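Participant: Structure file work34.pdb (PDB, C-alpha atoms and all ligand atoms) is given on the next line.
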MODEL        1
ATOM      1  CA  MET N   1      -6.290 -15.603 -13.300
ATOM      2  CA  PHE N   2      -3.928 -12.781 -14.235
ATOM      3  CA  ALA N   3      -1.679 -14.059 -17.036
ATOM      4  CA  VAL N   4       1.678 -13.116 -15.553
ATOM      5  CA  ASN N   5       1.004 -15.055 -12.332
ATOM      6  CA  LYS N   6       2.664 -18.204 -13.569
ATOM      7  CA  ARG N   7       3.980 -19.343 -10.238
ATOM      8  CA  CYS N   8       0.933 -20.554  -8.312
ATOM      9  CA  ASN N   9       0.920 -21.335  -4.587
ATOM     10  CA  MET N  10       4.270 -19.706  -4.122
ATOM     11  CA  MET N  11       5.318 -16.295  -2.942
ATOM     12  CA  LYS N  12       4.862 -13.782  -5.720
ATOM     13  CA  PHE N  13       6.949 -10.724  -6.441
ATOM     14  CA  GLY N  14       5.501  -7.549  -7.871
ATOM     15  CA  THR N  15       6.549  -4.127  -8.970
ATOM     16  CA  TYR N  16       4.891  -0.999  -7.590
ATOM     17  CA  VAL N  17       5.555   1.815 -10.035
ATOM     18  CA  PHE N  18       4.780   5.440 -10.863
ATOM     19  CA  LEU N  19       5.283   4.904 -14.611
ATOM     20  CA  PRO N  20       3.310   2.411 -16.737
ATOM     21  CA  GLU N  21       6.394   0.255 -17.318
ATOM     22  CA  LYS N  22       6.550  -3.476 -16.663
ATOM     23  CA  ALA N  23      10.006  -4.429 -15.452
ATOM     24  CA  GLU N  24      11.010  -7.848 -16.693
ATOM     25  CA  GLY N  25      11.338 -10.697 -14.221
ATOM     26  CA  PHE N  26       8.392 -10.020 -11.888
ATOM     27  CA  ASP N  27       5.119 -11.916 -11.415
ATOM     28  CA  PHE N  28       2.779  -8.934 -11.428
ATOM     29  CA  HIS N  29       2.703  -5.148 -11.653
ATOM     30  CA  LEU N  30       0.912  -2.484  -9.624
ATOM     31  CA  TYR N  31       0.698   0.921 -11.275
ATOM     32  CA  ARG N  32      -0.005   4.104  -9.330
ATOM     33  CA  VAL N  33      -2.878   5.481 -11.439
ATOM     34  CA  LYS N  34      -3.791   7.936  -8.680
ATOM     35  CA  PRO N  35      -1.072   8.450  -6.073
ATOM     36  CA  GLU N  36      -1.530  10.800  -3.113
ATOM     37  CA  VAL N  37      -0.366  13.778  -5.145
ATOM     38  CA  GLY N  38      -3.778  13.406  -6.798
ATOM     39  CA  ARG N  39      -2.589  13.110 -10.406
ATOM     40  CA  ARG N  40      -4.705  10.665 -12.451
ATOM     41  CA  MET N  41      -3.224   8.461 -15.183
ATOM     42  CA  PRO N  42      -5.023   6.025 -17.504
ATOM     43  CA  PRO N  43      -5.218   2.480 -16.078
ATOM     44  CA  GLN N  44      -3.333  -0.254 -17.925
ATOM     45  CA  PRO N  45      -5.025  -3.483 -19.062
ATOM     46  CA  ASP N  46      -2.184  -5.666 -17.786
ATOM     47  CA  MET N  47      -1.178  -3.859 -14.573
ATOM     48  CA  TYR N  48      -3.159  -3.643 -11.346
ATOM     49  CA  SER N  49      -4.257  -0.110 -10.448
ATOM     50  CA  ASN N  50      -3.270   1.640  -7.219
ATOM     51  CA  ILE N  51      -5.522   4.454  -6.001
ATOM     52  CA  ALA N  52      -5.141   6.697  -2.945
ATOM     53  CA  ILE N  53      -8.609   7.896  -1.892
ATOM     54  CA  PHE N  54      -8.422  10.593   0.810
ATOM     55  CA  GLY N  55      -4.759  11.563   0.445
ATOM     56  CA  ASP N  56      -5.278  13.785  -2.602
ATOM     57  CA  ASN N  57      -3.333  17.016  -3.147
ATOM     58  CA  VAL N  58      -5.175  17.965  -6.340
ATOM     59  CA  THR N  59      -8.662  17.685  -4.821
ATOM     60  CA  ALA N  60      -7.494  19.499  -1.682
ATOM     61  CA  ARG N  61      -6.208  22.357  -3.823
ATOM     62  CA  ASN N  62      -9.528  22.554  -5.707
ATOM     63  CA  HIS N  63     -11.637  22.187  -2.538
ATOM     64  CA  PRO N  64      -9.633  23.492   0.420
ATOM     65  CA  ASP N  65     -12.778  23.312   2.570
ATOM     66  CA  TRP N  66     -12.720  19.495   2.208
ATOM     67  CA  ILE N  67      -9.466  19.180   4.186
ATOM     68  CA  SER N  68      -9.686  17.003   7.313
ATOM     69  CA  GLN N  69      -9.896  18.976  10.583
ATOM     70  CA  SER N  70      -8.591  18.304  14.097
ATOM     71  CA  PRO N  71      -7.836  20.068  17.400
ATOM     72  CA  LEU N  72      -4.193  20.153  16.239
ATOM     73  CA  GLY N  73      -5.098  21.771  12.944
ATOM     74  CA  PRO N  74      -6.077  20.646   9.446
ATOM     75  CA  ALA N  75      -4.352  17.778   7.599
ATOM     76  CA  TRP N  76      -2.278  19.950   5.278
ATOM     77  CA  ARG N  77       1.073  18.292   4.657
ATOM     78  CA  THR N  78       2.721  21.282   6.362
ATOM     79  CA  ASN N  79       1.082  20.379   9.717
ATOM     80  CA  ASN N  80       3.952  18.800  11.631
ATOM     81  CA  ASN N  81       1.693  17.629  14.450
ATOM     82  CA  PHE N  82       0.969  14.633  12.242
ATOM     83  CA  ASN N  83       2.842  12.307   9.900
ATOM     84  CA  VAL N  84       0.893  13.540   6.899
ATOM     85  CA  ARG N  85       3.060  13.557   3.782
ATOM     86  CA  TRP N  86       0.273  14.896   1.562
ATOM     87  CA  GLU N  87      -3.033  16.735   1.998
ATOM     88  CA  VAL N  88      -5.710  14.486   3.500
ATOM     89  CA  LEU N  89      -9.405  15.101   2.917
ATOM     90  CA  CYS N  90     -12.189  14.560   5.411
ATOM     91  CA  ALA N  91     -13.137  10.871   5.191
ATOM     92  CA  THR N  92     -16.874  11.603   5.174
ATOM     93  CA  GLN N  93     -16.900  14.279   2.438
ATOM     94  CA  PRO N  94     -19.933  13.063   0.431
ATOM     95  CA  GLU N  95     -19.057  14.479  -3.005
ATOM     96  CA  HIS N  96     -15.509  13.096  -2.874
ATOM     97  CA  ARG N  97     -16.748   9.720  -1.655
ATOM     98  CA  GLU N  98     -19.295   9.457  -4.464
ATOM     99  CA  GLU N  99     -16.888  10.604  -7.157
ATOM    100  CA  GLN N 100     -14.220   8.161  -5.958
ATOM    101  CA  LEU N 101     -16.695   5.257  -5.995
ATOM    102  CA  ASP N 102     -17.456   5.858  -9.678
ATOM    103  CA  TYR N 103     -13.796   6.493 -10.479
ATOM    104  CA  ILE N 104     -12.627   3.317  -8.731
ATOM    105  CA  GLU N 105     -15.253   1.193 -10.484
ATOM    106  CA  ASP N 106     -14.249   2.645 -13.847
ATOM    107  CA  VAL N 107     -10.555   1.999 -13.190
ATOM    108  CA  ALA N 108     -11.409  -1.565 -12.085
ATOM    109  CA  ARG N 109     -13.190  -2.180 -15.389
ATOM    110  CA  HIS N 110     -10.086  -1.094 -17.319
ATOM    111  CA  SER N 111      -7.457  -3.060 -15.396
ATOM    112  CA  PRO N 112      -7.077  -6.447 -13.646
ATOM    113  CA  GLY N 113      -7.977  -5.008 -10.231
ATOM    114  CA  VAL N 114      -7.694  -2.175  -7.723
ATOM    115  CA  TRP N 115      -5.358  -1.843  -4.755
ATOM    116  CA  LEU N 116      -6.236   1.031  -2.415
ATOM    117  CA  ASN N 117      -4.287   3.366  -0.186
ATOM    118  CA  SER N 118      -5.424   6.186   2.077
ATOM    119  CA  ILE N 119      -8.829   4.654   2.866
ATOM    120  CA  HIS N 120      -9.157   6.147   6.342
ATOM    121  CA  PHE N 121      -9.186   9.204   8.615
ATOM    122  CA  ALA N 122      -6.057  11.345   8.433
ATOM    123  CA  GLU N 123      -4.719  10.576  11.921
ATOM    124  CA  HIS N 124      -5.665  10.551  15.609
ATOM    125  CA  GLY N 125      -8.137  13.308  16.445
ATOM    126  CA  HIS N 126      -9.445  13.611  12.859
ATOM    127  CA  CYS N 127     -11.958  14.644  11.616
ATOM    128  CA  THR N 128     -13.703  17.326  13.671
ATOM    129  CA  CYS N 129     -15.362  19.249  10.850
ATOM    130  CA  PRO N 130     -19.004  20.273  11.457
ATOM    131  CA  ARG N 131     -20.311  17.428   9.259
ATOM    132  CA  CYS N 132     -18.274  14.767  11.090
ATOM    133  CA  ASN N 133     -19.363  16.137  14.479
ATOM    134  CA  GLU N 134     -22.976  15.987  13.400
ATOM    135  CA  LEU N 135     -22.665  12.462  11.969
ATOM    136  CA  TRP N 136     -20.973  11.308  15.173
ATOM    137  CA  GLN N 137     -23.655  12.849  17.437
ATOM    138  CA  LYS N 138     -26.420  11.270  15.373
ATOM    139  CA  SER N 139     -24.754   7.840  15.396
ATOM    140  CA  GLY N 140     -25.066   7.368  19.170
ATOM    141  CA  LEU N 141     -21.668   5.613  19.061
ATOM    142  CA  SER N 142     -18.441   6.482  20.830
ATOM    143  CA  TRP N 143     -16.123   8.713  18.800
ATOM    144  CA  LEU N 144     -13.752   5.872  17.924
ATOM    145  CA  GLU N 145     -16.537   3.412  17.105
ATOM    146  CA  TRP N 146     -18.209   6.005  14.884
ATOM    147  CA  ARG N 147     -14.972   6.512  12.948
ATOM    148  CA  ARG N 148     -14.560   2.740  12.585
ATOM    149  CA  LYS N 149     -18.098   2.455  11.196
ATOM    150  CA  GLU N 150     -17.502   5.241   8.676
ATOM    151  CA  VAL N 151     -14.338   3.548   7.326
ATOM    152  CA  THR N 152     -15.875   0.070   7.250
ATOM    153  CA  ASP N 153     -19.145   1.168   5.623
ATOM    154  CA  TYR N 154     -17.327   3.069   2.900
ATOM    155  CA  MET N 155     -14.955   0.171   2.225
ATOM    156  CA  ALA N 156     -17.998  -2.101   1.899
ATOM    157  CA  GLN N 157     -19.319   0.203  -0.832
ATOM    158  CA  VAL N 158     -15.973   0.272  -2.646
ATOM    159  CA  SER N 159     -15.634  -3.509  -2.354
ATOM    160  CA  GLU N 160     -19.088  -3.956  -3.884
ATOM    161  CA  ARG N 161     -18.101  -1.751  -6.829
ATOM    162  CA  VAL N 162     -14.835  -3.597  -7.546
ATOM    163  CA  ARG N 163     -15.635  -7.196  -6.651
ATOM    164  CA  ASP N 164     -19.365  -7.487  -7.372
ATOM    165  CA  ARG N 165     -19.931  -5.014 -10.187
ATOM    166  CA  ALA N 166     -16.586  -4.894 -12.039
ATOM    167  CA  LYS N 167     -15.712  -8.464 -10.921
ATOM    168  CA  LYS N 168     -12.067  -7.646 -10.362
ATOM    169  CA  LYS N 169      -9.499  -8.317  -7.688
ATOM    170  CA  PHE N 170      -9.660  -5.942  -4.714
ATOM    171  CA  VAL N 171      -6.878  -5.244  -2.230
ATOM    172  CA  ILE N 172      -7.101  -2.860   0.732
ATOM    173  CA  GLY N 173      -3.904  -1.130   1.804
ATOM    174  CA  VAL N 174      -3.234  -0.142   5.420
ATOM    175  CA  LEU N 175      -0.429   1.715   7.156
ATOM    176  CA  PRO N 176       2.255  -0.258   9.046
ATOM    177  CA  ASP N 177       0.797   0.082  12.548
ATOM    178  CA  PRO N 178      -0.496  -3.261  13.823
ATOM    179  CA  LEU N 179      -1.783  -2.053  17.195
ATOM    180  CA  THR N 180      -3.245   1.449  16.954
ATOM    181  CA  ASN N 181      -4.661   1.601  13.426
ATOM    182  CA  TYR N 182      -8.098   1.790  15.081
ATOM    183  CA  GLU N 183      -7.328   4.784  17.282
ATOM    184  CA  ARG N 184      -5.306   6.628  14.667
ATOM    185  CA  PHE N 185      -7.186   5.925  11.460
ATOM    186  CA  GLY N 186     -10.499   4.223  12.294
ATOM    187  CA  VAL N 187      -9.282   0.973  10.721
ATOM    188  CA  ASN N 188     -10.397  -2.370  12.153
ATOM    189  CA  PHE N 189      -8.718  -5.286  10.358
ATOM    190  CA  ASP N 190     -11.449  -7.814  11.208
ATOM    191  CA  ASP N 191     -14.086  -5.535   9.673
ATOM    192  CA  LEU N 192     -12.097  -5.194   6.450
ATOM    193  CA  ALA N 193     -11.011  -8.840   6.066
ATOM    194  CA  PRO N 194     -14.303 -10.084   4.523
ATOM    195  CA  LEU N 195     -14.396  -7.078   2.187
ATOM    196  CA  THR N 196     -10.973  -7.596   0.595
ATOM    197  CA  ASP N 197      -9.181 -10.329  -1.354
ATOM    198  CA  GLU N 198      -5.812  -9.479   0.183
ATOM    199  CA  PHE N 199      -4.177  -6.810   2.327
ATOM    200  CA  LEU N 200      -1.297  -4.557   1.339
ATOM    201  CA  VAL N 201       0.931  -3.049   4.007
ATOM    202  CA  VAL N 202       3.244  -0.320   2.809
ATOM    203  CA  MET N 203       6.549  -0.569   4.690
ATOM    204  CA  PHE N 204       8.568   2.151   3.060
ATOM    205  CA  SER N 205      11.889   3.299   4.433
ATOM    206  CA  LYS N 206      14.969   4.955   3.004
ATOM    207  CA  ASN N 207      16.948   2.141   4.609
ATOM    208  CA  TYR N 208      16.264  -1.288   6.067
ATOM    209  CA  ALA N 209      19.337  -1.371   8.248
ATOM    210  CA  THR N 210      17.496  -2.984  11.185
ATOM    211  CA  PRO N 211      15.619  -5.957   9.683
ATOM    212  CA  TRP N 212      14.519  -7.236  13.109
ATOM    213  CA  TYR N 213      11.741  -4.631  13.287
ATOM    214  CA  TRP N 214      10.437  -5.332   9.784
ATOM    215  CA  GLU N 215      10.407  -9.049  10.493
ATOM    216  CA  MET N 216       8.437  -8.392  13.685
ATOM    217  CA  LEU N 217       5.869  -6.223  11.868
ATOM    218  CA  THR N 218       5.445  -8.973   9.269
ATOM    219  CA  ARG N 219       4.700 -11.517  12.017
ATOM    220  CA  ASN N 220       2.276  -9.072  13.664
ATOM    221  CA  PHE N 221       0.274  -8.521  10.486
ATOM    222  CA  LYS N 222       0.234 -12.242   9.599
ATOM    223  CA  LYS N 223      -1.335 -12.908  12.990
ATOM    224  CA  LEU N 224      -3.878 -10.080  12.663
ATOM    225  CA  PHE N 225      -4.904 -10.822   9.063
ATOM    226  CA  LYS N 226      -5.375 -14.566   9.732
ATOM    227  CA  ASP N 227      -6.216 -16.199   6.361
ATOM    228  CA  VAL N 228      -6.194 -13.033   4.248
ATOM    229  CA  PRO N 229      -2.937 -12.915   2.245
ATOM    230  CA  LEU N 230      -0.391 -10.287   3.287
ATOM    231  CA  ASN N 231       1.379  -8.206   0.637
ATOM    232  CA  ILE N 232       4.208  -5.955   1.766
ATOM    233  CA  SER N 233       5.734  -3.252  -0.393
ATOM    234  CA  LEU N 234       9.363  -2.237   0.046
ATOM    235  CA  TYR N 235      11.005   0.995  -1.024
ATOM    236  CA  VAL N 236      13.586   0.734  -3.805
ATOM    237  CA  PHE N 237      13.835   4.092  -5.573
ATOM    238  CA  GLY N 238      11.206   6.857  -5.592
ATOM    239  CA  PRO N 239      10.802   9.714  -8.087
ATOM    240  CA  GLY N 240      13.569  12.277  -7.727
ATOM    241  CA  ASP N 241      15.577  10.213  -5.241
ATOM    242  CA  ASP N 242      19.307  10.642  -4.764
ATOM    243  CA  PRO N 243      20.910   7.217  -5.480
ATOM    244  CA  ARG N 244      23.039   7.655  -2.322
ATOM    245  CA  GLU N 245      19.931   7.937  -0.156
ATOM    246  CA  VAL N 246      17.949   4.831  -1.086
ATOM    247  CA  PRO N 247      18.113   1.341   0.451
ATOM    248  CA  THR N 248      20.979  -0.841  -0.721
ATOM    249  CA  ALA N 249      20.381  -4.097  -2.561
ATOM    250  CA  ARG N 250      21.951  -5.858   0.440
ATOM    251  CA  GLU N 251      19.339  -4.386   2.782
ATOM    252  CA  LEU N 252      16.485  -5.189   0.401
ATOM    253  CA  LEU N 253      17.628  -8.788  -0.050
ATOM    254  CA  THR N 254      18.031  -9.310   3.675
ATOM    255  CA  VAL N 255      14.715  -7.750   4.640
ATOM    256  CA  SER N 256      12.903  -9.692   1.879
ATOM    257  CA  VAL N 257      14.300 -12.969   3.199
ATOM    258  CA  ARG N 258      13.430 -12.115   6.789
ATOM    259  CA  MET N 259       9.895 -11.108   5.838
ATOM    260  CA  ALA N 260       9.604 -14.386   3.910
ATOM    261  CA  ARG N 261      10.467 -16.462   6.937
ATOM    262  CA  ALA N 262       7.960 -14.456   8.999
ATOM    263  CA  GLY N 263       5.194 -15.446   6.585
ATOM    264  CA  VAL N 264       4.692 -12.622   4.071
ATOM    265  CA  ASP N 265       2.725 -13.934   1.085
ATOM    266  CA  ASN N 266       3.914 -11.525  -1.612
ATOM    267  CA  ILE N 267       6.480  -8.725  -1.816
ATOM    268  CA  LEU N 268       6.249  -5.633  -4.005
ATOM    269  CA  TYR N 269       9.148  -3.341  -4.842
ATOM    270  CA  LEU N 270       8.419   0.369  -5.262
ATOM    271  CA  ALA N 271      10.300   2.331  -7.906
ATOM    272  CA  GLU N 272       9.620   5.155 -10.287
ATOM    273  CA  GLY N 273       9.822   2.863 -13.322
ATOM    274  CA  ALA N 274      11.419  -0.185 -14.923
ATOM    275  CA  SER N 275      14.973   1.178 -15.168
ATOM    276  CA  GLN N 276      15.334   1.691 -11.396
ATOM    277  CA  LEU N 277      14.065  -1.836 -10.818
ATOM    278  CA  ARG N 278      16.518  -3.187 -13.344
ATOM    279  CA  ASN N 279      19.365  -1.481 -11.467
ATOM    280  CA  PHE N 280      18.128  -3.093  -8.246
ATOM    281  CA  GLN N 281      17.928  -6.503  -9.933
ATOM    282  CA  LYS N 282      21.472  -6.104 -11.262
ATOM    283  CA  GLN N 283      22.842  -5.096  -7.843
ATOM    284  CA  ALA N 284      20.951  -7.955  -6.162
ATOM    285  CA  VAL N 285      22.371 -10.488  -8.624
ATOM    286  CA  GLU N 286      25.876  -9.184  -7.914
ATOM    287  CA  GLU N 287      25.487  -9.938  -4.183
ATOM    288  CA  VAL N 288      26.546 -13.581  -4.706
ATOM    289  CA  GLU N 289      28.072 -14.091  -1.274
ATOM    290  CA  LEU N 290      25.165 -12.531   0.631
ATOM    291  CA  ARG N 291      22.646 -14.604  -1.336
ATOM    292  CA  GLU N 292      24.578 -17.737  -0.370
ATOM    293  CA  THR N 293      24.617 -16.726   3.315
ATOM    294  CA  LEU N 294      20.882 -15.966   3.270
ATOM    295  CA  ARG N 295      20.173 -19.544   2.097
ATOM    296  CA  SER N 296      20.739 -20.597   5.718
ATOM    297  CA  TYR N 297      18.064 -18.203   7.043
ATOM    298  CA  GLY N 298      15.120 -20.535   6.685
ATOM    299  CA  GLY N 299      12.993 -23.042   4.813
ATOM    300  CA  LYS N 300      10.856 -22.970   1.700
ATOM    301  CA  PRO N 301       9.789 -19.282   1.634
ATOM    302  CA  VAL N 302      13.378 -18.084   2.079
ATOM    303  CA  GLN N 303      14.534 -20.395  -0.721
ATOM    304  CA  GLU N 304      11.710 -19.047  -2.911
ATOM    305  CA  VAL N 305      12.962 -15.461  -2.516
ATOM    306  CA  LEU N 306      16.517 -16.490  -3.326
ATOM    307  CA  ASP N 307      15.489 -18.675  -6.290
ATOM    308  CA  PHE N 308      13.493 -15.754  -7.559
ATOM    309  CA  VAL N 309      16.497 -13.417  -7.318
ATOM    310  CA  LYS N 310      18.593 -16.095  -9.049
ATOM    311  CA  SER N 311      16.122 -16.033 -11.952
ATOM    312  CA  TRP N 312      17.180 -12.417 -12.543
ATOM    313  CA  GLU N 313      20.707 -13.555 -13.490
ATOM    314  CA  LYS N 314      19.670 -14.133 -17.081
ATOM    315  CA  ILE N 315      17.693 -10.873 -17.261
ATOM    316  CA  VAL N 316      20.379  -8.433 -16.176
ATOM    317  CA  GLN N 317      23.293  -9.847 -18.167
TER     318      GLN N 317
HETATM  319 ZN    ZN N 401     -14.928  15.688   8.546
ENDMDL
END
Would you write the structure of this file as structure tokens?

Facilitator:
Amino acid sequence: MFAVNKRCNMMKFGTYVFLPEKAEGFDFHLYRVKPEVGRRMPPQPDMYSNIAIFGDNVTARNHPDWISQSPLGPAWRTNNNFNVRWEVLCATQPEHREEQLDYIEDVARHSPGVWLNSIHFAEHGHCTCPRCNELWQKSGLSWLEWRRKEVTDYMAQVSERVRDRAKKKFVIGVLPDPLTNYERFGVNFDDLAPLTDEFLVVMFSKNYATPWYWEMLTRNFKKLFKDVPLNISLYVFGPGDDPREVPTARELLTVSVRMARAGVDNILYLAEGASQLRNFQKQAVEEVELRETLRSYGGKPVQEVLDFVKSWEKIVQ
């Protein structure tokens, strides 16, 4: 087992970072070796590796003809018909698929495991490129079922590379839509469950002022994922952020506690690097009164979050 996971059978708390820096006081670390901007960084031997597959600005720039197509236009990040924050490639592009399989296996061999993002079609209505149309026609399946099969079959290949060949931990990341992931992205959770060790759901927001919704989403995903552990990542401080426009420590503490009581297995905190996480830890420790109030919010998992935050007292002094 990964050496920093000292606290077994309890909720674990991870960092999710753009820089290869391990903030003190967390159980594990997830490093963005290939984020959606497409930049590739060397994997670290003691940090899990996070890879975005089809969201890939660099590859889209080098191969503009690989961009995902739809009746509402291609998946360039400038296409406001969709919530695409980066360029998204066609999910059946064979050269990209093959190259990513080799890349992911190599990264898995040089780190404790691989956590994926952007595993699916860009959005509803994607992809209508000539290759996808031909593959769909040949499949004899409905459009949505064909897309589901493409995503599942490719994830089975990636899973085989990471789990069976590299023998490393494998985590599939999905977007925070419990009900229409299938229609929008071609993702079927039951198909993916046997292929992955755990799920990651990215729940990023510049504020968590309404924790009720996040708690509800946590319950939804716990129900859908059944026995597969649920990791949720929360937004702390992204690259280039204005400190006045990021979630407060109060919001992050509250939403963490409310996700804990709704059954989340592990929580990750996204930041550029260790210093932003240290600021968050310091601010969280200073919220003495709120931490005391939150003790009344629930049983063991809630107490685990608050005990964990308490353990930061000696780190940030
Ligand atoms: Zn296509």

Participant: Quick one: apply the PyMOL selection byres (((chain N and resi 88) around 6) and not hetatm) to the file and drop the selected residues here as a list in words.

Facilitator: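 This file, filtered by the PyMOL selection byres (((chain N and resi 88) around 6) and not hetatm), leaves Phe54, Gly55, Ala75, Glu87, Leu89 and Ala122 of chain N.
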
Participant: Could you write out the selected residues, including C-alpha atoms, as a PDB file, in the frame of the given file?

Facilitator:
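Printed below is out-v7.pdb as written:
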ATOM      1  CA  PHE N  54      -8.422  10.593   0.810  1.00  0.00           C
ATOM      2  CA  GLY N  55      -4.759  11.563   0.445  1.00  0.00           C
ATOM      3  CA  ALA N  75      -4.352  17.778   7.599  1.00  0.00           C
ATOM      4  CA  GLU N  87      -3.033  16.735   1.998  1.00  0.00           C
ATOM      5  CA  LEU N  89      -9.405  15.101   2.917  1.00  0.00           C
ATOM      6  CA  ALA N 122      -6.057  11.345   8.433  1.00  0.00           C
TER       7      ALA N 122
END

Participant: When you draw a straight line from atom CA of N:Pro64 to atom CA of N:Val114, how long is it in Å?

Facilitator: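 Going from atom CA of N:Pro64 over to atom CA of N:Val114, I get 27.0 Å.
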
Participant: Do you know which residues the PyMOL selection byres (((not hetatm)) within 7 of (chain N and resi 401)) returns on this file, as a ChimeraX atom specification?

Facilitator: /N:68-69,90-93,127-132

Participant: Which distance in Å separates atom CA of N:Asp227 and atom CA of N:Val171, to one decimal?

Facilitator: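 Separating atom CA of N:Asp227 from atom CA of N:Val171 is a distance of 13.9 Å.
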
Participant: I'd like to know which of N:Arg258, N:Arg250, N:Lys300, N:His124 is closest to N:Glu286, using all atoms listed in the file.

Facilitator: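 The closest residue to N:Glu286 is N:Arg250.
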